[in-house]
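**Student:** Dropping in input-v5.cif, with mmCIF, C-alpha atoms.
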data_model
#
loop_
_atom_site.group_PDB
_atom_site.id
_atom_site.type_symbol
_atom_site.label_atom_id
_atom_site.label_comp_id
_atom_site.auth_asym_id
_atom_site.auth_seq_id
_atom_site.Cartn_x
_atom_site.Cartn_y
_atom_site.Cartn_z
ATOM 1 C CA MET A 1 -44.796 131.072 232.196
ATOM 2 C CA ALA A 2 -48.278 130.360 233.563
ATOM 3 C CA MET A 3 -48.813 127.562 236.052
ATOM 4 C CA CYS A 4 -49.679 124.112 234.702
ATOM 5 C CA PRO A 5 -53.271 123.080 235.528
ATOM 6 C CA ARG A 6 -53.970 119.808 237.290
ATOM 7 C CA ILE A 7 -56.509 117.081 236.561
ATOM 8 C CA GLU A 8 -58.265 115.219 239.354
ATOM 9 C CA LEU A 9 -58.140 111.422 239.135
ATOM 10 C CA ASN A 10 -60.940 109.077 240.164
ATOM 11 C CA ASN A 11 -59.340 108.427 243.562
ATOM 12 C CA GLY A 12 -59.230 112.115 244.498
ATOM 13 C CA ILE A 13 -55.564 112.868 243.853
ATOM 14 C CA SER A 14 -54.538 115.187 241.034
ATOM 15 C CA MET A 15 -51.818 115.135 238.401
ATOM 16 C CA PRO A 16 -50.374 117.880 236.187
ATOM 17 C CA ALA A 17 -52.048 118.129 232.787
ATOM 18 C CA LEU A 18 -48.690 118.597 231.034
ATOM 19 C CA GLY A 19 -45.693 116.418 231.782
ATOM 20 C CA PHE A 20 -42.289 115.450 230.463
ATOM 21 C CA GLY A 21 -41.944 112.144 228.636
ATOM 22 C CA THR A 22 -38.666 110.227 228.613
ATOM 23 C CA PHE A 23 -39.386 107.527 226.046
ATOM 24 C CA ALA A 24 -36.197 106.583 224.155
ATOM 25 C CA ILE A 25 -34.086 109.303 225.731
ATOM 26 C CA PRO A 26 -30.720 107.529 226.074
ATOM 27 C CA SER A 27 -29.374 107.011 229.574
ATOM 28 C CA THR A 28 -26.496 109.383 228.792
ATOM 29 C CA GLN A 29 -28.963 112.255 228.266
ATOM 30 C CA ALA A 30 -31.909 111.389 230.479
ATOM 31 C CA ALA A 31 -30.690 112.867 233.776
ATOM 32 C CA GLU A 32 -29.924 116.280 232.305
ATOM 33 C CA ALA A 33 -33.122 116.322 230.245
ATOM 34 C CA VAL A 34 -35.219 115.573 233.330
ATOM 35 C CA ARG A 35 -33.368 118.150 235.412
ATOM 36 C CA THR A 36 -33.879 120.752 232.694
ATOM 37 C CA ALA A 37 -37.573 119.926 232.450
ATOM 38 C CA LEU A 38 -38.073 120.249 236.197
ATOM 39 C CA MET A 39 -36.196 123.535 236.326
ATOM 40 C CA THR A 40 -38.413 124.769 233.479
ATOM 41 C CA GLY A 41 -41.549 124.087 235.504
ATOM 42 C CA TYR A 42 -42.663 120.553 234.652
ATOM 43 C CA ARG A 43 -43.755 118.524 237.654
ATOM 44 C CA LEU A 44 -45.003 115.348 235.943
ATOM 45 C CA ILE A 45 -42.217 112.987 234.842
ATOM 46 C CA ASP A 46 -43.126 109.871 232.844
ATOM 47 C CA THR A 47 -40.832 106.885 232.327
ATOM 48 C CA ALA A 48 -41.073 103.081 232.101
ATOM 49 C CA ALA A 49 -39.025 100.021 232.948
ATOM 50 C CA SER A 50 -38.705 99.235 229.248
ATOM 51 C CA TYR A 51 -37.167 102.647 228.531
ATOM 52 C CA ASN A 52 -34.011 101.563 230.385
ATOM 53 C CA ASN A 53 -33.475 105.010 231.865
ATOM 54 C CA GLU A 54 -35.203 104.882 235.257
ATOM 55 C CA THR A 55 -31.881 105.260 237.103
ATOM 56 C CA GLU A 56 -30.995 108.368 235.139
ATOM 57 C CA VAL A 57 -34.503 109.790 235.468
ATOM 58 C CA GLY A 58 -34.103 109.419 239.226
ATOM 59 C CA GLN A 59 -30.748 111.180 239.061
ATOM 60 C CA GLY A 60 -32.337 114.071 237.179
ATOM 61 C CA ILE A 61 -35.047 114.354 239.806
ATOM 62 C CA LEU A 62 -32.444 114.419 242.574
ATOM 63 C CA ARG A 63 -30.265 117.003 240.810
ATOM 64 C CA SER A 64 -33.230 119.334 240.315
ATOM 65 C CA GLY A 65 -33.599 119.878 244.047
ATOM 66 C CA ILE A 66 -37.402 119.970 243.673
ATOM 67 C CA ALA A 67 -39.198 118.669 246.762
ATOM 68 C CA ARG A 68 -40.591 115.153 246.281
ATOM 69 C CA GLU A 69 -44.084 116.183 247.363
ATOM 70 C CA ASP A 70 -44.194 118.691 244.496
ATOM 71 C CA LEU A 71 -43.560 116.011 241.874
ATOM 72 C CA PHE A 72 -45.758 113.473 240.117
ATOM 73 C CA VAL A 73 -43.683 110.507 238.925
ATOM 74 C CA THR A 74 -44.992 107.735 236.686
ATOM 75 C CA THR A 75 -43.352 104.523 235.592
ATOM 76 C CA LYS A 76 -44.709 101.450 233.836
ATOM 77 C CA LEU A 77 -44.467 97.707 234.306
ATOM 78 C CA ARG A 78 -42.988 96.015 231.241
ATOM 79 C CA ILE A 79 -44.917 93.046 229.913
ATOM 80 C CA ALA A 80 -41.946 90.717 230.476
ATOM 81 C CA ASP A 81 -42.707 91.153 234.204
ATOM 82 C CA PHE A 82 -46.447 90.493 234.112
ATOM 83 C CA GLY A 83 -47.724 88.098 236.758
ATOM 84 C CA TYR A 84 -48.361 88.739 240.451
ATOM 85 C CA ASP A 85 -45.006 87.969 242.080
ATOM 86 C CA GLU A 86 -43.117 89.124 239.018
ATOM 87 C CA ALA A 87 -44.852 92.495 239.097
ATOM 88 C CA LEU A 88 -44.086 93.056 242.784
ATOM 89 C CA ARG A 89 -40.419 92.279 242.189
ATOM 90 C CA ALA A 90 -40.329 94.537 239.142
ATOM 91 C CA PHE A 91 -41.855 97.387 241.123
ATOM 92 C CA ASP A 92 -39.145 97.048 243.758
ATOM 93 C CA THR A 93 -36.542 97.225 240.986
ATOM 94 C CA SER A 94 -38.101 100.319 239.415
ATOM 95 C CA ILE A 95 -38.529 102.208 242.670
ATOM 96 C CA GLY A 96 -34.946 101.348 243.582
ATOM 97 C CA LYS A 97 -33.607 102.638 240.271
ATOM 98 C CA LEU A 98 -35.623 105.828 240.585
ATOM 99 C CA GLY A 99 -34.378 106.322 244.139
ATOM 100 C CA LEU A 100 -37.870 107.092 245.411
ATOM 101 C CA ASP A 101 -39.898 105.931 248.397
ATOM 102 C CA TYR A 102 -43.170 105.801 246.471
ATOM 103 C CA LEU A 103 -44.654 106.344 243.008
ATOM 104 C CA ASP A 104 -47.477 108.686 242.130
ATOM 105 C CA LEU A 105 -48.725 106.521 239.260
ATOM 106 C CA TYR A 106 -47.907 102.934 238.236
ATOM 107 C CA LEU A 107 -49.157 101.688 234.876
ATOM 108 C CA LEU A 108 -49.363 98.305 233.161
ATOM 109 C CA HIS A 109 -47.660 99.066 229.873
ATOM 110 C CA TRP A 110 -49.755 96.900 227.497
ATOM 111 C CA PRO A 111 -52.847 94.669 227.805
ATOM 112 C CA VAL A 112 -51.298 91.556 226.132
ATOM 113 C CA PRO A 113 -54.619 89.903 225.157
ATOM 114 C CA THR A 114 -52.900 86.584 224.391
ATOM 115 C CA GLU A 115 -51.683 86.379 227.999
ATOM 116 C CA PHE A 116 -54.500 88.220 229.747
ATOM 117 C CA GLU A 117 -54.417 86.075 232.869
ATOM 118 C CA GLN A 118 -50.878 87.335 233.442
ATOM 119 C CA THR A 119 -52.108 90.866 232.794
ATOM 120 C CA LEU A 120 -54.826 90.445 235.414
ATOM 121 C CA ALA A 121 -52.319 89.037 237.913
ATOM 122 C CA ALA A 122 -50.043 92.019 237.337
ATOM 123 C CA TYR A 123 -52.930 94.415 237.953
ATOM 124 C CA GLU A 124 -53.782 92.575 241.160
ATOM 125 C CA ALA A 125 -50.201 93.224 242.273
ATOM 126 C CA ALA A 126 -50.651 96.905 241.400
ATOM 127 C CA GLU A 127 -53.797 96.950 243.543
ATOM 128 C CA LYS A 128 -51.769 95.593 246.457
ATOM 129 C CA LEU A 129 -49.099 98.248 245.945
ATOM 130 C CA LEU A 130 -51.853 100.862 246.057
ATOM 131 C CA ALA A 131 -53.434 99.394 249.188
ATOM 132 C CA ASP A 132 -50.041 99.249 250.907
ATOM 133 C CA GLY A 133 -49.292 102.895 250.129
ATOM 134 C CA HIS A 134 -46.383 102.293 247.760
ATOM 135 C CA VAL A 135 -48.203 104.069 244.922
ATOM 136 C CA ARG A 136 -50.790 106.841 244.976
ATOM 137 C CA ALA A 137 -52.661 105.726 241.860
ATOM 138 C CA ILE A 138 -52.615 102.835 239.405
ATOM 139 C CA GLY A 139 -53.635 102.567 235.790
ATOM 140 C CA VAL A 140 -52.980 101.079 232.389
ATOM 141 C CA SER A 141 -51.463 101.978 229.052
ATOM 142 C CA ASN A 142 -52.580 101.040 225.536
ATOM 143 C CA PHE A 143 -55.764 99.316 226.720
ATOM 144 C CA ASN A 144 -58.614 99.298 224.218
ATOM 145 C CA ALA A 145 -62.234 99.415 225.403
ATOM 146 C CA ARG A 146 -62.635 95.641 225.444
ATOM 147 C CA HIS A 147 -59.437 95.274 227.472
ATOM 148 C CA LEU A 148 -60.800 97.744 230.005
ATOM 149 C CA ASP A 149 -64.086 95.847 230.223
ATOM 150 C CA ALA A 150 -62.266 92.555 230.792
ATOM 151 C CA LEU A 151 -60.057 94.131 233.461
ATOM 152 C CA LEU A 152 -62.906 95.848 235.279
ATOM 153 C CA ALA A 153 -64.908 92.618 235.381
ATOM 154 C CA ARG A 154 -62.185 90.914 237.422
ATOM 155 C CA SER A 155 -60.509 93.656 239.453
ATOM 156 C CA HIS A 156 -61.390 95.905 242.363
ATOM 157 C CA VAL A 157 -59.816 99.267 241.494
ATOM 158 C CA VAL A 158 -60.836 101.221 238.410
ATOM 159 C CA PRO A 159 -57.685 102.436 236.623
ATOM 160 C CA ALA A 160 -57.058 106.116 237.230
ATOM 161 C CA VAL A 161 -55.341 106.651 233.860
ATOM 162 C CA ASN A 162 -55.174 104.992 230.453
ATOM 163 C CA GLN A 163 -52.109 106.242 228.566
ATOM 164 C CA ILE A 164 -52.675 105.753 224.834
ATOM 165 C CA GLU A 165 -51.326 106.800 221.451
ATOM 166 C CA LEU A 166 -53.218 109.974 220.562
ATOM 167 C CA ASN A 167 -52.559 112.816 218.132
ATOM 168 C CA PRO A 168 -54.494 114.833 215.512
ATOM 169 C CA LEU A 169 -54.211 112.016 212.951
ATOM 170 C CA PHE A 170 -55.248 109.359 215.484
ATOM 171 C CA SER A 171 -57.616 111.039 217.897
ATOM 172 C CA GLN A 172 -59.148 107.867 219.439
ATOM 173 C CA ARG A 173 -62.514 109.487 220.162
ATOM 174 C CA ALA A 174 -64.321 106.216 220.909
ATOM 175 C CA LEU A 175 -61.632 105.020 223.328
ATOM 176 C CA ARG A 176 -61.545 108.377 225.067
ATOM 177 C CA ASP A 177 -65.312 108.123 225.523
ATOM 178 C CA ALA A 178 -64.893 104.609 226.959
ATOM 179 C CA ASN A 179 -62.273 105.909 229.386
ATOM 180 C CA ALA A 180 -64.523 108.770 230.443
ATOM 181 C CA LEU A 181 -67.456 106.400 230.985
ATOM 182 C CA HIS A 182 -65.413 104.693 233.709
ATOM 183 C CA GLY A 183 -63.936 107.905 235.121
ATOM 184 C CA ILE A 184 -60.512 107.110 233.643
ATOM 185 C CA VAL A 185 -58.304 110.022 232.591
ATOM 186 C CA THR A 186 -56.843 109.742 229.086
ATOM 187 C CA GLU A 187 -53.134 110.498 228.753
ATOM 188 C CA SER A 188 -51.602 111.021 225.298
ATOM 189 C CA TRP A 189 -48.317 109.515 224.137
ATOM 190 C CA SER A 190 -46.802 110.476 220.779
ATOM 191 C CA PRO A 191 -49.040 113.573 221.000
ATOM 192 C CA ILE A 192 -47.456 115.222 217.956
ATOM 193 C CA GLY A 193 -47.603 112.107 215.803
ATOM 194 C CA GLY A 194 -44.452 110.125 216.553
ATOM 195 C CA GLU A 195 -41.763 109.463 213.977
ATOM 196 C CA LYS A 196 -44.241 108.204 211.411
ATOM 197 C CA ASN A 197 -46.543 111.221 211.333
ATOM 198 C CA VAL A 198 -44.808 114.143 213.046
ATOM 199 C CA SER A 199 -44.012 115.915 209.758
ATOM 200 C CA ARG A 200 -47.544 115.432 208.442
ATOM 201 C CA VAL A 201 -48.940 116.972 211.620
ATOM 202 C CA LEU A 202 -46.564 119.895 211.997
ATOM 203 C CA GLN A 203 -46.596 120.806 208.301
ATOM 204 C CA ASN A 204 -50.345 120.577 207.957
ATOM 205 C CA ALA A 205 -51.676 123.803 206.479
ATOM 206 C CA HIS A 206 -54.381 124.235 209.142
ATOM 207 C CA ILE A 207 -51.918 123.826 211.998
ATOM 208 C CA VAL A 208 -49.366 126.133 210.358
ATOM 209 C CA GLU A 209 -52.109 128.707 209.884
ATOM 210 C CA LEU A 210 -53.119 128.450 213.549
ATOM 211 C CA ALA A 211 -49.490 128.793 214.637
ATOM 212 C CA THR A 212 -49.232 132.031 212.669
ATOM 213 C CA LYS A 213 -52.561 133.269 214.008
ATOM 214 C CA HIS A 214 -51.631 132.670 217.661
ATOM 215 C CA LYS A 215 -47.931 133.511 217.258
ATOM 216 C CA LYS A 216 -46.983 130.065 218.523
ATOM 217 C CA THR A 217 -45.152 127.071 217.081
ATOM 218 C CA ALA A 218 -46.998 124.208 215.421
ATOM 219 C CA VAL A 219 -45.978 121.946 218.331
ATOM 220 C CA GLN A 220 -47.496 124.387 220.812
ATOM 221 C CA ILE A 221 -50.739 124.457 218.829
ATOM 222 C CA VAL A 222 -51.003 120.657 218.958
ATOM 223 C CA LEU A 223 -50.177 120.491 222.662
ATOM 224 C CA ARG A 224 -52.818 123.115 223.356
ATOM 225 C CA TRP A 225 -55.318 121.007 221.380
ATOM 226 C CA HIS A 226 -54.660 118.095 223.759
ATOM 227 C CA LEU A 227 -54.939 120.232 226.884
ATOM 228 C CA GLN A 228 -58.225 121.885 225.897
ATOM 229 C CA GLN A 229 -59.806 118.445 225.607
ATOM 230 C CA GLY A 230 -58.943 117.571 229.194
ATOM 231 C CA LEU A 231 -56.154 115.199 228.190
ATOM 232 C CA VAL A 232 -52.882 114.732 230.028
ATOM 233 C CA VAL A 233 -50.041 115.140 227.543
ATOM 234 C CA ILE A 234 -46.347 114.205 227.851
ATOM 235 C CA PRO A 235 -44.161 115.755 225.133
ATOM 236 C CA ARG A 236 -40.556 114.616 224.999
ATOM 237 C CA SER A 237 -37.427 116.524 223.959
ATOM 238 C CA ILE A 238 -33.713 116.635 224.682
ATOM 239 C CA ASN A 239 -33.320 120.228 223.461
ATOM 240 C CA PRO A 240 -33.605 122.791 226.290
ATOM 241 C CA LYS A 241 -35.230 125.314 223.956
ATOM 242 C CA HIS A 242 -37.868 122.799 222.898
ATOM 243 C CA ILE A 243 -38.392 121.621 226.474
ATOM 244 C CA ALA A 244 -39.178 125.219 227.445
ATOM 245 C CA GLY A 245 -41.305 125.813 224.354
ATOM 246 C CA ASN A 246 -43.413 122.719 224.997
ATOM 247 C CA PHE A 247 -44.273 124.097 228.440
ATOM 248 C CA ASP A 248 -45.169 127.566 227.149
ATOM 249 C CA VAL A 249 -48.748 126.729 226.179
ATOM 250 C CA PHE A 250 -50.849 128.261 228.936
ATOM 251 C CA ASP A 251 -51.067 131.871 227.715
ATOM 252 C CA PHE A 252 -53.391 131.360 224.751
ATOM 253 C CA GLU A 253 -56.560 129.482 223.848
ATOM 254 C CA LEU A 254 -57.788 127.821 220.679
ATOM 255 C CA SER A 255 -61.306 128.773 219.619
ATOM 256 C CA SER A 256 -63.984 126.196 218.927
ATOM 257 C CA THR A 257 -63.348 126.780 215.229
ATOM 258 C CA ASP A 258 -59.625 126.207 215.731
ATOM 259 C CA MET A 259 -60.313 122.989 217.618
ATOM 260 C CA ALA A 260 -62.717 121.762 214.952
ATOM 261 C CA ALA A 261 -60.111 122.318 212.255
ATOM 262 C CA ILE A 262 -57.631 120.112 214.117
ATOM 263 C CA ASN A 263 -60.283 117.522 214.964
ATOM 264 C CA ALA A 264 -61.030 117.205 211.249
ATOM 265 C CA LEU A 265 -57.478 115.963 210.599
ATOM 266 C CA ASN A 266 -58.207 112.571 212.164
ATOM 267 C CA VAL A 267 -57.698 109.639 209.782
ATOM 268 C CA ASP A 268 -57.598 106.892 212.439
ATOM 269 C CA GLU A 269 -54.000 106.094 211.533
ATOM 270 C CA ARG A 270 -51.988 104.363 214.232
ATOM 271 C CA GLY A 271 -48.222 104.949 214.281
ATOM 272 C CA GLY A 272 -47.277 102.510 217.026
ATOM 273 C CA PRO A 273 -48.116 98.852 217.673
ATOM 274 C CA ASP A 274 -51.663 97.551 217.763
ATOM 275 C CA PRO A 275 -52.594 96.574 221.348
ATOM 276 C CA GLU A 276 -54.660 93.707 219.967
ATOM 277 C CA THR A 277 -51.571 91.943 218.618
ATOM 278 C CA PHE A 278 -48.730 93.253 220.777
ATOM 279 C CA ASP A 279 -47.232 90.373 222.758
ATOM 280 C CA LEU A 280 -44.013 89.312 224.470
ATOM 281 C CA ALA A 281 -42.384 88.021 221.277
ATOM 282 C CA THR A 282 -43.073 91.332 219.528
ATOM 283 C CA TYR A 283 -41.828 93.235 222.548
ATOM 284 C CA ASN A 284 -38.563 91.273 222.701
ATOM 285 C CA ALA A 285 -37.927 91.825 219.000
ATOM 286 C CA LEU A 286 -38.549 95.560 219.318
ATOM 287 C CA VAL A 287 -36.315 95.862 222.370
ATOM 288 C CA ALA A 288 -33.481 94.191 220.462
ATOM 289 C CA THR A 289 -33.988 96.529 217.504
ATOM 290 C CA ARG A 290 -34.115 99.598 219.712
ATOM 291 C CA ALA A 291 -30.936 98.575 221.550
ATOM 292 C CA LYS A 292 -29.070 98.479 218.244
ATOM 293 C CA GLU A 293 -30.456 101.870 217.217
ATOM 294 C CA VAL A 294 -29.446 103.474 220.508
ATOM 295 C CA GLU A 295 -25.997 101.920 220.251
ATOM 296 C CA ASN A 296 -25.482 103.207 216.716
ATOM 297 C CA ALA A 297 -26.775 106.755 217.104
ATOM 298 C CA ALA A 298 -28.297 109.132 219.638
ATOM 299 C CA PRO A 299 -31.780 110.352 218.716
ATOM 300 C CA SER A 300 -32.318 113.615 216.900
ATOM 301 C CA ASP A 301 -34.755 116.119 218.321
ATOM 302 C CA SER A 302 -37.646 117.952 216.717
ATOM 303 C CA GLY A 303 -39.202 119.334 219.882
ATOM 304 C CA SER A 304 -42.077 116.913 219.674
ATOM 305 C CA ALA A 305 -42.978 113.961 221.827
ATOM 306 C CA ASN A 306 -41.248 110.759 220.738
ATOM 307 C CA PRO A 307 -40.087 112.044 217.330
ATOM 308 C CA VAL A 308 -37.427 109.413 216.745
ATOM 309 C CA PRO A 309 -38.168 106.015 218.279
ATOM 310 C CA ARG A 310 -39.904 103.338 216.265
ATOM 311 C CA VAL A 311 -42.301 102.192 218.971
ATOM 312 C CA HIS A 312 -43.584 103.197 222.376
ATOM 313 C CA ALA A 313 -43.003 99.777 223.943
#
As structure tokens - that is how I would like this structure written.
**Tutor:**
Amino acid sequence: MAMCPRIELNNGISMPALGFGTFAIPSTQAAEAVRTALMTGYRLIDTAASYNNETEVGQGILRSGIAREDLFVTTKLRIADFGYDEALRAFDTSIGKLGLDYLDLYLLHWPVPTEFEQTLAAYEAAEKLLADGHVRAIGVSNFNARHLDALLARSHVVPAVNQIELNPLFSQRALRDANALHGIVTESWSPIGGEKNVSRVLQNAHIVELATKHKKTAVQIVLRWHLQQGLVVIPRSINPKHIAGNFDVFDFELSSTDMAAINALNVDERGGPDPETFDLATYNALVATRAKEVENAAPSDSGSANPVPRVHA
């Protein structure tokens, strides 16, 4: 397979354009999934404190035998730990679970507009972690344009990345433009559509036609669509065949006509929570629901990013 390209961040470091997401991969499967991804060629690994699999992600990294300097590891601060001191303690917990000496990218998971002072305090803690060399870059996740403006008005470091829900049915053009205006790289979660829209995306006639034309899968067509727009994309799978297939997207190119056909699918339909209303009470309720789902059944796998979980929280 061809080498994965890298994207330069606004602080001069670079990250792989294609990574491996671990959202809602149960702890019993996370270590092997991460090891498999790294052995396949992925070098960007994305997790979060709220995924409850940081320990196992770290185990997968260790088992792969890949040198630390060749990896780009991201985790996210859960909103239950927003606040300055709380964020510093939570970082220590995350880095300890991962078994790493430093992080490549640390993200605030949600903006929490109803508690934005706590959000700002958490970002100040992230700035300290950056200044002290514990992380190489900091950023945010699920921030809308107004959240970015409010953050930038009262912080010192422009986020390097904004990780947002983004797929052909929810292409977020205006937010991507806002990110670009500030030199912020856009990273796509649920890039195939998530549980709500994955079938609508993969069975769309235009995407099926492009898959036939390029002799690729529908998932590969969608991932290529993300990459050709300069987005970082983090598909998730527990199936080794799908993990490999998701990485095999560097030997073809979509034409401008192909891209336009996919762009035209946008209906501005969000599958996950609305950042404007997502708060700690909502988060706690979703965590409780997810815990029951994980306890009752392991997730299925469609080869797409986040095909099963109800929410990227």
**Student:** Distance cut-off 12 Å, centre (-40.0, 97.8, 240.7) in file coordinates, counting all atoms listed in the file: which residues qualify? Return them as number ranges by chain.
**Tutor:** A: 48-50, 54-55, 74-78, 81-82, 85-103, 106-107, 125-126, 129, 134-135
**Student:** Atom CA of Pro275 of chain A and atom CA of Phe143 of chain A are how many Å apart?
**Tutor:** 6.8 Å
**Student:** What gap, in Å, lies between atom CA of Ser190 of chain A and atom CA of Ala80 of chain A?
**Tutor:**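 One can read the atom CA of Ser190 of chain A to atom CA of Ala80 of chain A distance as 22.5 Å.
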**Student:** Set the distance at 8 Å and use all atoms listed in the file: which residues neighbour segment 13-30 of chain A once local chain neighbours fewer than 6 positions away are removed? I'd like the list as a PyMOL selection string.
**Tutor:** chain A and resi 4-7+37+42-48+51-53+56-57+60+72+136-137+227+230-238+247+294+298-299+305-306+309+312
**Student:** Looking at A:Pro273, A:Lys213, A:Val287, A:Leu175, which one is nearest to Glu253 of chain A, with distances taken over all atoms listed in the file?
**Tutor:**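 Under the stated criterion, the closest residue is A:Lys213.
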**Student:** Quick one: which residues end up in the PyMOL selection byres ((chain A and resi 113-118) around 12) for this structure, as a VMD selection string?
**Tutor:** chain A and resid 78 to 87 108 110 to 112 119 to 125 142 to 144 146 to 148 150 to 151 154 to 155 274 to 282
**Student:** Applying 10 Å and only C-alpha atoms, which residues near Ile66 of chain A remain after dropping the ones on its own chain fewer than 5 positions away? List them as number ranges by chain.
**Tutor:** A: 35, 38-39, 43, 61, 71
**Student:** Report, in Å with one decimal, the straight-line distance from atom CA of Asn246 of chain A to atom CA of Pro191 of chain A.
**Tutor:**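 Computed distance, atom CA of Asn246 of chain A to atom CA of Pro191 of chain A, equals 11.5 Å.
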**Student:** Using only C-alpha atoms, which of the listed residues (A:Ala145, A:Val34, A:Ala288, A:Ile192) sits closest to Gln220 of chain A?
**Tutor:**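 That would be A:Ile192, the residue with the smallest distance to Gln220 of chain A.
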**Student:** Pick from A:Asn162, A:Thr36, A:Ser64, A:Asn10: nearest to Lys241 of chain A, with only C-alpha atoms counted?
**Tutor:**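 Smallest distance to Lys241 of chain A is found for A:Thr36.
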**Student:** With the PyMOL selection byres ((chain A and resi 270) around 12) as the selection, what would be picked from this file? Answer as a ChimeraX atom specification, please.
**Tutor:** /A:142,164-172,189-191,193-197,266-269,271-275,311-312
**Student:** Given the choices A:Val140, A:Ile243, A:Ala180, A:Val201, which gets closest to Gly41 of chain A if the distance is worked out from all atoms listed in the file?
**Tutor:**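 Smallest distance to Gly41 of chain A is found for A:Ile243.
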**Student:** Under the rule that only C-alpha atoms are counted, which of A:Lys292, A:Arg68, A:Lys128, A:His156 is the nearest residue to Asp104 of chain A?
**Tutor:**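 Closest to Asp104 of chain A of all the choices is A:Arg68.
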**Student:** Quick one: 4 Å padding each side, axis-aligned, all listed atoms of segment 54-66 of chain A - centre and edge lengths in Å to one decimal, as lines of an AutoDock Vina configuration file?
**Tutor:**
center_x = -33.8
center_y = 112.4
center_z = 239.6
size_x = 15.1
size_y = 23.1
size_z = 16.9
**Student:** Between A:Ala244, A:Leu9, A:Val249, A:Ser188, which is the closest to Lys216 of chain A once you count all atoms listed in the file?
**Tutor:**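 Comparing A:Ala244, A:Leu9, A:Val249, A:Ser188 against Lys216 of chain A, the winner is A:Val249.
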**Student:** Could you tell me which residues the PyMOL selection byres ((chain A and resi 160) around 7) grabs in this file, written as a list in words?
**Tutor:**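 In the shown coordinates, the PyMOL selection byres ((chain A and resi 160) around 7) covers Leu9, Asn10, Ala137, Ile138, Gly139, Val158, Pro159, Val161, Ile184 and Val185 of chain A.
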**Student:** Would you mind listing what lies within 10 Å of Ala211 of chain A as a short mmCIF file (atom, residue, chain, number, x, y, z; two decimals) with C-alpha atoms, keeping the file's coordinate frame, with all atoms listed in the file counted and same-chain residues fewer than 5 positions away left out?
**Tutor:**
data_model
loop_
_atom_site.label_atom_id
_atom_site.label_comp_id
_atom_site.auth_asym_id
_atom_site.auth_seq_id
_atom_site.Cartn_x
_atom_site.Cartn_y
_atom_site.Cartn_z
CA LEU A 202 -46.56 119.90 212.00
CA ALA A 205 -51.68 123.80 206.48
CA HIS A 206 -54.38 124.24 209.14
CA LYS A 216 -46.98 130.06 218.52
CA THR A 217 -45.15 127.07 217.08
CA ALA A 218 -47.00 124.21 215.42
CA VAL A 219 -45.98 121.95 218.33
CA GLN A 220 -47.50 124.39 220.81
CA ILE A 221 -50.74 124.46 218.83
CA VAL A 222 -51.00 120.66 218.96
#
**Student:** Reconstruct segment 138-150 of chain A at the level of N, CA and C atoms, and format the result as a PDB file, keeping the file's coordinate frame.
**Tutor:**
ATOM      1  N   ILE A 138     -53.013 103.864 240.363  1.00  0.00           N
ATOM      2  CA  ILE A 138     -52.615 102.835 239.405  1.00  0.00           C
ATOM      3  C   ILE A 138     -53.450 102.989 238.140  1.00  0.00           C
ATOM      4  N   GLY A 139     -52.916 102.457 237.045  1.00  0.00           N
ATOM      5  CA  GLY A 139     -53.635 102.567 235.790  1.00  0.00           C
ATOM      6  C   GLY A 139     -53.054 101.643 234.744  1.00  0.00           C
ATOM      7  N   VAL A 140     -53.372 101.936 233.501  1.00  0.00           N
ATOM      8  CA  VAL A 140     -52.980 101.079 232.389  1.00  0.00           C
ATOM      9  C   VAL A 140     -52.494 101.947 231.239  1.00  0.00           C
ATOM     10  N   SER A 141     -51.918 101.290 230.251  1.00  0.00           N
ATOM     11  CA  SER A 141     -51.463 101.978 229.052  1.00  0.00           C
ATOM     12  C   SER A 141     -51.784 101.103 227.848  1.00  0.00           C
ATOM     13  N   ASN A 142     -52.286 101.722 226.802  1.00  0.00           N
ATOM     14  CA  ASN A 142     -52.580 101.040 225.536  1.00  0.00           C
ATOM     15  C   ASN A 142     -53.735 100.047 225.626  1.00  0.00           C
ATOM     16  N   PHE A 143     -54.604 100.188 226.599  1.00  0.00           N
ATOM     17  CA  PHE A 143     -55.764  99.316 226.720  1.00  0.00           C
ATOM     18  C   PHE A 143     -56.891  99.830 225.830  1.00  0.00           C
ATOM     19  N   ASN A 144     -57.417  98.981 224.981  1.00  0.00           N
ATOM     20  CA  ASN A 144     -58.614  99.298 224.218  1.00  0.00           C
ATOM     21  C   ASN A 144     -59.850  99.096 225.101  1.00  0.00           C
ATOM     22  N   ALA A 145     -61.013  99.476 224.594  1.00  0.00           N
ATOM     23  CA  ALA A 145     -62.234  99.415 225.403  1.00  0.00           C
ATOM     24  C   ALA A 145     -62.526  97.999 225.878  1.00  0.00           C
ATOM     25  N   ARG A 146     -62.329  97.013 225.021  1.00  0.00           N
ATOM     26  CA  ARG A 146     -62.635  95.641 225.444  1.00  0.00           C
ATOM     27  C   ARG A 146     -61.646  95.148 226.499  1.00  0.00           C
ATOM     28  N   HIS A 147     -60.406  95.635 226.443  1.00  0.00           N
ATOM     29  CA  HIS A 147     -59.437  95.274 227.472  1.00  0.00           C
ATOM     30  C   HIS A 147     -59.848  95.870 228.817  1.00  0.00           C
ATOM     31  N   LEU A 148     -60.329  97.109 228.777  1.00  0.00           N
ATOM     32  CA  LEU A 148     -60.800  97.744 230.005  1.00  0.00           C
ATOM     33  C   LEU A 148     -61.975  96.974 230.592  1.00  0.00           C
ATOM     34  N   ASP A 149     -62.916  96.584 229.738  1.00  0.00           N
ATOM     35  CA  ASP A 149     -64.086  95.847 230.223  1.00  0.00           C
ATOM     36  C   ASP A 149     -63.671  94.530 230.878  1.00  0.00           C
ATOM     37  N   ALA A 150     -62.729  93.832 230.240  1.00  0.00           N
ATOM     38  CA  ALA A 150     -62.266  92.555 230.792  1.00  0.00           C
ATOM     39  C   ALA A 150     -61.546  92.755 232.116  1.00  0.00           C
TER      40      ALA A 150
END
